[in-house]
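**Q** My file is final.txt. It has compact mmCIF, C-alpha atoms:
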# COMPACT_ATOMS: atom_id res chain seq x y z
CA MET A 95 0.00 0.00 0.00
CA PRO A 96 1.79 3.16 -1.17
CA LEU A 97 -0.07 5.47 1.22
CA PHE A 98 0.80 3.27 4.20
CA GLU A 99 4.46 3.12 3.20
CA MET A 100 4.58 6.86 2.60
CA PHE A 101 2.80 8.21 5.67
CA LEU A 102 2.70 5.54 8.40
CA ALA A 103 5.52 3.05 7.85
CA PRO A 104 8.37 5.44 8.80
CA PHE A 105 6.78 6.10 12.20
CA LEU A 106 5.74 2.50 12.84
CA ASP A 107 8.97 0.82 11.77
CA TYR A 108 11.62 3.03 13.34
CA ALA A 109 11.92 4.01 17.01
CA PHE A 110 14.02 7.10 16.21
CA MET A 111 11.22 8.42 14.00
CA GLN A 112 8.71 7.83 16.81
CA ARG A 113 10.85 9.78 19.28
CA ALA A 114 11.42 12.57 16.75
CA LEU A 115 7.66 12.82 16.10
CA ALA A 116 6.85 12.83 19.82
CA GLY A 117 9.40 15.57 20.50
CA ALA A 118 8.24 17.71 17.58
CA LEU A 119 4.57 17.36 18.56
CA LEU A 120 5.31 18.30 22.18
CA LEU A 121 7.23 21.34 20.98
CA SER A 122 4.30 22.32 18.76
CA VAL A 123 1.91 22.20 21.71
CA SER A 124 4.29 24.18 23.91
CA CYS A 125 5.55 26.75 21.39
CA GLY A 126 2.24 27.53 19.66
CA PRO A 127 0.62 29.68 22.39
CA VAL A 128 3.93 31.36 23.25
CA GLY A 129 4.41 32.33 19.62
CA VAL A 130 0.89 33.78 19.43
CA PHE A 131 1.49 36.03 22.44
CA LEU A 132 4.89 37.08 21.06
CA MET A 133 3.18 38.07 17.81
CA LEU A 134 0.36 39.94 19.56
CA ARG A 135 2.87 41.81 21.71
CA ARG A 136 4.81 42.78 18.55
CA MET A 137 7.83 40.91 19.89
CA SER A 138 8.23 38.39 17.07
CA LEU A 139 11.87 39.25 16.51
CA THR A 140 12.47 39.03 20.25
CA GLY A 141 12.08 35.27 19.94
CA ASP A 142 14.80 35.21 17.31
CA ALA A 143 17.09 37.28 19.51
CA MET A 144 16.45 35.03 22.50
CA SER A 145 17.16 31.91 20.46
CA HIS A 146 20.67 33.23 19.89
CA ALA A 147 21.02 34.33 23.50
CA ILE A 148 20.96 30.73 24.73
CA LEU A 149 23.87 29.76 22.46
CA PRO A 150 26.76 30.71 24.82
CA GLY A 151 25.21 28.74 27.68
CA ALA A 152 24.74 25.68 25.50
CA ALA A 153 28.29 26.16 24.21
CA LEU A 154 29.68 26.25 27.76
CA GLY A 155 27.88 23.01 28.54
CA PHE A 156 29.35 21.50 25.38
CA LEU A 157 32.81 22.83 26.25
CA PHE A 158 32.94 21.00 29.58
CA TYR A 159 30.75 17.95 28.99
CA GLY A 160 30.51 17.47 25.24
CA LEU A 161 27.18 16.85 23.50
CA GLU A 162 25.36 15.98 26.72
CA ILE A 163 21.75 17.09 26.95
CA LEU A 164 21.51 18.13 30.60
CA PRO A 165 24.63 20.39 30.86
CA MET A 166 23.85 22.11 27.55
CA THR A 167 20.22 22.61 28.59
CA ILE A 168 21.11 24.04 32.00
CA GLY A 169 23.71 26.33 30.44
CA GLY A 170 21.28 27.58 27.80
CA LEU A 171 18.54 28.11 30.37
CA VAL A 172 20.75 30.07 32.78
CA VAL A 173 22.23 32.32 30.09
CA GLY A 174 18.88 32.78 28.32
CA LEU A 175 17.11 33.84 31.51
CA THR A 176 20.02 36.12 32.40
CA VAL A 177 19.81 37.84 29.02
CA ALA A 178 16.00 38.14 29.18
CA LEU A 179 15.99 39.59 32.67
CA GLY A 180 19.04 41.75 31.99
CA ALA A 181 17.56 43.28 28.85
CA GLY A 182 14.29 43.99 30.66
CA ALA A 183 16.11 45.53 33.62
CA ILE A 184 18.28 47.72 31.38
CA SER A 185 15.19 49.06 29.59
CA ARG A 186 13.70 50.07 32.94
CA VAL A 187 16.72 51.81 34.48
CA THR A 188 18.26 53.42 31.38
CA ILE A 189 17.10 55.22 28.24
CA GLN A 190 17.77 52.06 26.20
CA LYS A 191 14.70 50.31 24.80
CA GLU A 192 14.26 46.58 25.39
CA ASP A 193 14.47 45.65 21.72
CA ALA A 194 17.80 47.48 21.38
CA SER A 195 19.16 45.72 24.48
CA LEU A 196 18.09 42.34 23.12
CA ALA A 197 19.68 43.12 19.75
CA ALA A 198 22.98 43.92 21.46
CA PHE A 199 22.86 40.75 23.54
CA TYR A 200 21.88 38.75 20.47
CA LEU A 201 24.93 39.83 18.48
CA ILE A 202 27.31 39.30 21.39
CA SER A 203 25.81 35.92 22.27
CA LEU A 204 25.88 34.57 18.73
CA ALA A 205 29.55 35.46 18.22
CA LEU A 206 30.58 34.18 21.66
CA GLY A 207 28.67 30.93 21.29
CA VAL A 208 30.15 30.13 17.88
CA LEU A 209 33.65 30.86 19.19
CA LEU A 210 33.17 28.61 22.22
CA VAL A 211 31.88 25.68 20.17
CA SER A 212 34.60 26.13 17.55
CA TRP A 213 37.27 26.29 20.26
CA ARG A 214 36.83 22.65 21.24
CA GLY A 215 34.54 21.05 18.69
CA SER A 216 34.53 20.46 14.96
CA SER A 217 32.36 21.94 12.23
CA ILE A 218 30.02 18.96 12.71
CA ASP A 219 29.60 19.79 16.39
CA LEU A 220 28.90 23.42 15.49
CA MET A 221 26.22 22.35 13.00
CA HIS A 222 24.67 20.12 15.67
CA VAL A 223 24.44 22.99 18.15
CA LEU A 224 23.17 25.51 15.60
CA PHE A 225 20.67 23.31 13.75
CA GLY A 226 19.92 20.41 16.12
CA THR A 227 19.30 16.74 15.41
CA VAL A 228 15.65 15.91 15.96
CA LEU A 229 16.21 12.34 14.75
CA ALA A 230 18.68 11.79 17.59
CA LEU A 231 16.28 12.62 20.43
CA ASN A 232 16.43 10.11 23.27
CA ASN A 233 14.11 9.43 26.21
CA GLU A 234 15.98 11.92 28.40
CA ALA A 235 15.46 14.69 25.87
CA LEU A 236 11.79 13.77 25.47
CA GLY A 237 11.32 13.94 29.24
CA LEU A 238 12.90 17.38 29.29
CA ILE A 239 10.69 18.64 26.44
CA LEU A 240 7.60 17.21 28.16
CA GLY A 241 8.47 19.02 31.39
CA ILE A 242 8.97 22.29 29.53
CA CYS A 243 5.65 21.79 27.75
CA VAL A 244 3.81 21.32 31.07
CA ILE A 245 5.46 24.38 32.64
CA SER A 246 4.81 26.55 29.59
CA LEU A 247 1.15 25.58 29.31
CA SER A 248 0.71 26.17 33.04
CA ILE A 249 2.09 29.70 32.68
CA MET A 250 -0.16 30.39 29.72
CA GLY A 251 -3.18 28.99 31.56
CA PHE A 252 -2.72 30.76 34.89
CA PHE A 253 -1.54 34.11 33.52
CA GLY A 254 -3.25 34.16 30.12
CA GLY A 255 -5.59 37.00 31.11
CA ALA A 256 -2.77 39.19 32.36
CA LEU A 257 -0.71 38.40 29.26
CA PHE A 258 -3.61 39.39 27.02
CA ALA A 259 -4.13 42.62 28.97
CA GLU A 260 -0.46 43.45 28.56
CA CYS A 261 -0.77 42.86 24.83
CA LEU A 262 -3.55 45.46 24.67
CA ASP A 263 -2.12 48.11 27.01
CA PRO A 264 0.92 47.25 29.17
CA LEU A 265 1.02 50.71 30.78
CA PHE A 266 -2.60 50.38 31.90
CA LEU A 267 -1.95 46.94 33.39
CA ARG A 268 1.01 48.23 35.37
CA SER A 269 -1.02 51.19 36.62
CA VAL A 270 -3.88 49.07 37.96
CA SER A 271 -2.05 45.90 38.98
CA ARG A 272 1.27 44.88 40.46
CA TRP A 273 1.39 41.91 38.08
CA GLY A 274 2.55 43.96 35.09
CA ALA A 275 6.31 43.59 35.43
CA PRO A 276 6.25 40.07 36.99
CA VAL A 277 4.02 38.75 34.20
CA HIS A 278 6.32 40.28 31.58
CA PHE A 279 9.38 38.59 33.03
CA LEU A 280 7.48 35.33 33.53
CA PHE A 281 6.48 35.40 29.88
CA LEU A 282 10.10 35.95 28.84
CA ALA A 283 11.03 32.96 31.01
CA ALA A 284 8.44 30.88 29.13
CA VAL A 285 9.97 32.01 25.83
CA VAL A 286 13.44 30.97 27.00
CA LEU A 287 12.15 27.60 28.26
CA ASN A 288 10.57 26.83 24.89
CA LEU A 289 13.65 27.88 23.00
CA VAL A 290 15.78 25.65 25.22
CA GLY A 291 13.38 22.77 24.54
CA GLY A 292 13.42 23.51 20.83
CA PHE A 293 17.21 23.69 20.90
CA GLN A 294 17.35 19.95 21.65
CA ALA A 295 15.54 19.15 18.41
CA LEU A 296 16.06 22.06 16.01
CA GLY A 297 19.17 23.85 17.27
CA THR A 298 19.52 27.44 18.37
CA LEU A 299 18.99 28.94 14.92
CA LEU A 300 15.82 27.06 13.95
CA SER A 301 14.04 26.58 17.28
CA VAL A 302 12.30 29.93 16.96
CA GLY A 303 10.85 28.83 13.60
CA LEU A 304 8.44 26.34 15.16
CA MET A 305 7.39 29.08 17.56
CA MET A 306 6.75 31.95 15.15
CA LEU A 307 5.77 30.52 11.75
CA PRO A 308 2.67 28.63 12.98
CA ALA A 309 1.69 31.64 15.11
CA ALA A 310 2.05 34.00 12.15
CA ALA A 311 -0.01 31.66 9.95
CA SER A 312 -2.75 31.36 12.58
CA ARG A 313 -3.43 35.10 12.28
CA PHE A 314 -4.99 34.45 8.86
CA TRP A 315 -7.31 31.72 10.18
CA ALA A 316 -8.65 33.19 13.45
CA SER A 317 -9.22 36.56 15.07
CA ARG A 318 -9.53 35.55 18.75
CA VAL A 319 -6.61 34.58 20.94
CA PHE A 320 -7.66 31.10 22.05
CA PRO A 321 -8.59 29.88 18.53
CA MET A 322 -5.32 31.36 17.26
CA CYS A 323 -3.41 29.31 19.85
CA LEU A 324 -5.24 26.13 18.79
CA VAL A 325 -4.63 26.82 15.10
CA SER A 326 -0.95 27.55 15.81
CA ILE A 327 -0.60 24.23 17.64
CA GLY A 328 -2.33 22.40 14.78
CA ILE A 329 -0.10 24.00 12.14
CA GLY A 330 2.97 23.13 14.19
CA MET A 331 1.88 19.50 14.41
CA VAL A 332 1.15 19.24 10.69
CA SER A 333 4.49 20.89 9.91
CA SER A 334 6.30 18.44 12.18
CA CYS A 335 4.73 15.40 10.55
CA ALA A 336 5.24 16.73 7.02
CA GLY A 337 8.82 17.79 7.72
CA LEU A 338 9.82 14.44 9.22
CA LEU A 339 8.25 12.55 6.31
CA LEU A 340 9.97 14.84 3.81
CA SER A 341 13.26 14.32 5.64
CA TYR A 342 12.82 10.54 5.61
CA HIS A 343 11.80 10.11 1.98
CA ALA A 344 14.03 12.77 0.43
CA SER A 345 17.06 12.31 2.73
CA LEU A 346 16.96 15.93 3.85
CA PRO A 347 17.99 17.46 7.21
CA SER A 348 15.02 17.02 9.52
CA GLY A 349 15.10 20.40 11.31
CA PRO A 350 15.13 22.57 8.17
CA ALA A 351 12.49 20.28 6.60
CA ILE A 352 10.13 20.92 9.52
CA ILE A 353 10.65 24.69 9.40
CA LEU A 354 10.24 24.79 5.61
CA SER A 355 6.98 22.84 5.95
CA ALA A 356 5.78 25.46 8.42
CA GLY A 357 6.91 28.15 6.00
CA ALA A 358 4.93 26.54 3.16
CA ILE A 359 1.79 26.50 5.33
CA TYR A 360 2.40 30.16 6.17
CA VAL A 361 2.56 31.08 2.46
CA LEU A 362 -0.60 29.07 1.73
CA SER A 363 -2.32 30.80 4.65
CA ILE A 364 -1.43 34.21 3.25
CA LEU A 365 -3.09 33.24 -0.01
CA PHE A 366 -6.03 30.96 0.80
CA ALA A 367 -6.97 31.36 4.48
CA PRO A 368 -10.31 33.01 5.39
CA ARG A 369 -8.42 36.23 6.10
CA GLY A 370 -5.96 35.76 3.23
CA ILE A 371 -5.34 37.61 -0.01
CA VAL A 372 -7.60 35.49 -2.25
CA ARG A 373 -10.60 35.69 0.09
CA ASP A 374 -10.14 39.46 0.48
CA ALA A 375 -9.97 39.84 -3.30
CA VAL A 376 -13.15 37.77 -3.77
CA ASN A 377 -14.99 39.81 -1.15
CA ALA A 378 -13.85 43.04 -2.80
CA ILE A 379 -15.15 41.87 -6.18
CA ARG A 380 -18.49 40.89 -4.65
CA LEU A 381 -18.84 44.32 -3.07
CA LYS A 382 -18.21 46.03 -6.41
CA THR A 383 -20.74 43.88 -8.24
CA THR A 384 -23.56 44.38 -5.72
Output the structure of this file as structure tokens.
**A**
Amino acid sequence: MPLFEMFLAPFLDYAFMQRALAGALLLSVSCGPVGVFLMLRRMSLTGDAMSHAILPGAALGFLFYGLEILPMTIGGLVVGLTVALGAGAISRVTIQKEDASLAAFYLISLALGVLLVSWRGSSIDLMHVLFGTVLALNNEALGLILGICVISLSIMGFFGGALFAECLDPLFLRSVSRWGAPVHFLFLAAVVLNLVGGFQALGTLLSVGLMMLPAAASRFWASRVFPMCLVSIGIGMVSSCAGLLLSYHASLPSGPAIILSAGAIYVLSILFAPRGIVRDAVNAIRLKTT
């Protein structure tokens, strides 16, 4: 059966494909809502900056322990949180804006991380850190991603109202509630956690792709926050399955295949979604003819 061999056999016959699919699906569930709130807060490029900020921490873990999951994860988490909190603190005590602080940290972190990995490792090690190896996920990595998914969804669930209020008017939230600044930093922590989880599968350069591309595509399918989060999760899951199958059948790198699948869905959403270009053009023609 060609359809069985094309779509199901790779996941049923190979344990590494099953672990890769499980990790990618967990990341989709965890990253989808975070990406939506990043987009609504006009902080989409912040995710990209933060994905580079974790690189020196992961590189330090690699420098001392090699390609071990736990040291690289702890290093990336510590440095990522330090950068997130530091950039936020600098924007509050100086004239520097938070996006400018993050841009500065992003450039410094990227250069430092590449130098640290290159100092001890080879070009293959550098490619592993930058672009990940989703097909090499083990049970330890899956457990870590699952824990990050639970923590991230808990943050989104408990503080979703405050996060939405901050999206609309952060100054108003801070004027009427003491939760303004804590919620902001907690959200940045959730971003870092998801990027650290995505780093295990997609590397530091591509982990933000599974966070932002499905979220950006969901904007064309829904107008309310909760449906956008669900659509973002769904697009991430479809992209993960399609990317892994494309990687398997065409012998392509798995991480880039997943992100390119998400990118293809984003382009199709721009064109054919209910709020896309084609539908808007059809509605405009109908208005002119009536």
**Q** Taking (21.4, 32.9, 30.9) in the file's coordinates as the center, which residues reach within 12 Å of it, counting all atoms listed in the file, put as a PyMOL selection string?
**A** chain A and resi 144-154+166-181+199-200+203+282-283+286-287+290
**Q** Generate the output file for the selected residues, C-alpha atoms, as a CSV table (one decimal), in the coordinates of the input.
**A**
chain,number,residue,atom,x,y,z
A,144,MET,CA,16.4,35.0,22.5
A,145,SER,CA,17.2,31.9,20.5
A,146,HIS,CA,20.7,33.2,19.9
A,147,ALA,CA,21.0,34.3,23.5
A,148,ILE,CA,21.0,30.7,24.7
A,149,LEU,CA,23.9,29.8,22.5
A,150,PRO,CA,26.8,30.7,24.8
A,151,GLY,CA,25.2,28.7,27.7
A,152,ALA,CA,24.7,25.7,25.5
A,153,ALA,CA,28.3,26.2,24.2
A,154,LEU,CA,29.7,26.2,27.8
A,166,MET,CA,23.8,22.1,27.6
A,167,THR,CA,20.2,22.6,28.6
A,168,ILE,CA,21.1,24.0,32.0
A,169,GLY,CA,23.7,26.3,30.4
A,170,GLY,CA,21.3,27.6,27.8
A,171,LEU,CA,18.5,28.1,30.4
A,172,VAL,CA,20.8,30.1,32.8
A,173,VAL,CA,22.2,32.3,30.1
A,174,GLY,CA,18.9,32.8,28.3
A,175,LEU,CA,17.1,33.8,31.5
A,176,THR,CA,20.0,36.1,32.4
A,177,VAL,CA,19.8,37.8,29.0
A,178,ALA,CA,16.0,38.1,29.2
A,179,LEU,CA,16.0,39.6,32.7
A,180,GLY,CA,19.0,41.8,32.0
A,181,ALA,CA,17.6,43.3,28.8
A,199,PHE,CA,22.9,40.8,23.5
A,200,TYR,CA,21.9,38.8,20.5
A,203,SER,CA,25.8,35.9,22.3
A,282,LEU,CA,10.1,36.0,28.8
A,283,ALA,CA,11.0,33.0,31.0
A,286,VAL,CA,13.4,31.0,27.0
A,287,LEU,CA,12.2,27.6,28.3
A,290,VAL,CA,15.8,25.6,25.2
**Q** Of the residues A:Ala109, A:Ala235, A:Leu196, A:Met133, which is the one nearest to A:Ser326, using only C-alpha atoms?
**A**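 Counting only C-alpha atoms, the residue closest to A:Ser326 is A:Met133.
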**Q** Using all atoms listed in the file, which of the listed residues (A:Pro350, A:Pro96, A:Pro368, A:Gly141) sits closest to A:Gly297?
**A**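 With all atoms listed in the file as the atom set, the closest residue is A:Pro350.
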**Q** Please provide as a ChimeraX atom specification all residues within 12 Å of A:Gly349, with the sequence filter that same-chain residues fewer than 4 positions apart are discarded (counting all atoms listed in the file).
**A** /A:114-115,117-118,221-230,292-304,333-342,345,353-356
**Q** How far is it from atom CA of A:Asn288 to atom CA of A:Leu121, in Å with one decimal?
**A**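 Result for atom CA of A:Asn288 versus atom CA of A:Leu121: 7.5 Å, one decimal.
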**Q** With 4 Å on each side, where is the centre of the axis-aligned box around all listed atoms of stretch 303-314 of chain A, and how long are its edges in Å to one decimal, as lines of an AutoDock Vina configuration file?
**A**
center_x = 2.9
center_y = 30.7
center_z = 13.2
size_x = 23.8
size_y = 16.8
size_z = 16.7
**Q** Which is closest to A:Gly254 among A:Phe131, A:Leu106, A:Leu119, A:Ile184, if we use all atoms listed in the file?
**A**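 Using all atoms listed in the file, the shortest distance to A:Gly254 belongs to A:Phe131.
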**Q** Between atom CA of A:Asp142 and atom CA of A:Arg113, what is the distance, to one decimal in Å?
**A** 25.8 Å
**Q** Select, from A:Ala344, A:Cys261, A:Val376, A:Cys125, the residue with the minimum atom-to-atom distance to A:Val244, counting only C-alpha atoms.
**A**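 Smallest separation from A:Val244 among the options: A:Cys125.
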**Q** Go ahead and compute the interatomic distance for atom CA of A:Val372 and atom CA of A:Pro321, in Å to one decimal.
**A**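 Taking atom CA of A:Val372 and atom CA of A:Pro321, their separation equals 21.5 Å.
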**Q** Calculated over only C-alpha atoms, which of the candidates A:Leu206, A:Leu324, A:Met331, A:Ala316 has the smallest distance to A:Ser363?
**A** A:Ala316
**Q** Rank nothing, just name the residue among A:Leu346, A:Ile242, A:Ala351, A:Val211 nearest to A:Tyr159, using all atoms listed in the file.
**A**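 Among the listed residues, A:Val211 lies closest to A:Tyr159.
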**Q** What would stretch 289-300 of chain A look like with N, CA, C and O atoms in place, written as a compact mmCIF listing (two decimals), in the frame of the given file?
**A**
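Now in out27.txt:
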# COMPACT_ATOMS: atom_id res chain seq x y z
N LEU A 289 12.50 27.86 23.90
CA LEU A 289 13.65 27.88 23.00
C LEU A 289 14.69 26.85 23.42
O LEU A 289 15.33 26.22 22.58
N VAL A 290 14.86 26.67 24.73
CA VAL A 290 15.78 25.65 25.22
C VAL A 290 15.27 24.26 24.83
O VAL A 290 16.04 23.39 24.42
N GLY A 291 13.95 24.04 24.96
CA GLY A 291 13.38 22.77 24.54
C GLY A 291 13.53 22.56 23.04
O GLY A 291 13.89 21.47 22.59
N GLY A 292 13.27 23.61 22.26
CA GLY A 292 13.42 23.51 20.83
C GLY A 292 14.86 23.33 20.39
O GLY A 292 15.14 22.71 19.36
N PHE A 293 15.79 23.83 21.20
CA PHE A 293 17.21 23.69 20.90
C PHE A 293 17.60 22.23 20.82
O PHE A 293 18.44 21.84 20.00
N GLN A 294 17.00 21.37 21.66
CA GLN A 294 17.35 19.95 21.65
C GLN A 294 17.04 19.32 20.29
O GLN A 294 17.76 18.43 19.84
N ALA A 295 15.97 19.77 19.65
CA ALA A 295 15.54 19.15 18.41
C ALA A 295 15.96 19.92 17.16
O ALA A 295 16.35 19.32 16.16
N LEU A 296 15.89 21.24 17.22
CA LEU A 296 16.06 22.06 16.01
C LEU A 296 17.28 22.95 16.06
O LEU A 296 17.57 23.65 15.07
N GLY A 297 18.01 22.99 17.17
CA GLY A 297 19.17 23.85 17.27
C GLY A 297 18.79 25.28 17.63
O GLY A 297 17.61 25.65 17.62
N THR A 298 19.79 26.08 17.93
CA THR A 298 19.52 27.44 18.37
C THR A 298 19.03 28.34 17.24
O THR A 298 18.32 29.31 17.50
N LEU A 299 19.37 28.05 16.01
CA LEU A 299 18.99 28.94 14.92
C LEU A 299 17.60 28.66 14.39
O LEU A 299 16.95 29.54 13.83
N LEU A 300 17.11 27.42 14.53
CA LEU A 300 15.82 27.06 13.95
C LEU A 300 14.71 26.88 14.98
O LEU A 300 13.54 26.76 14.61
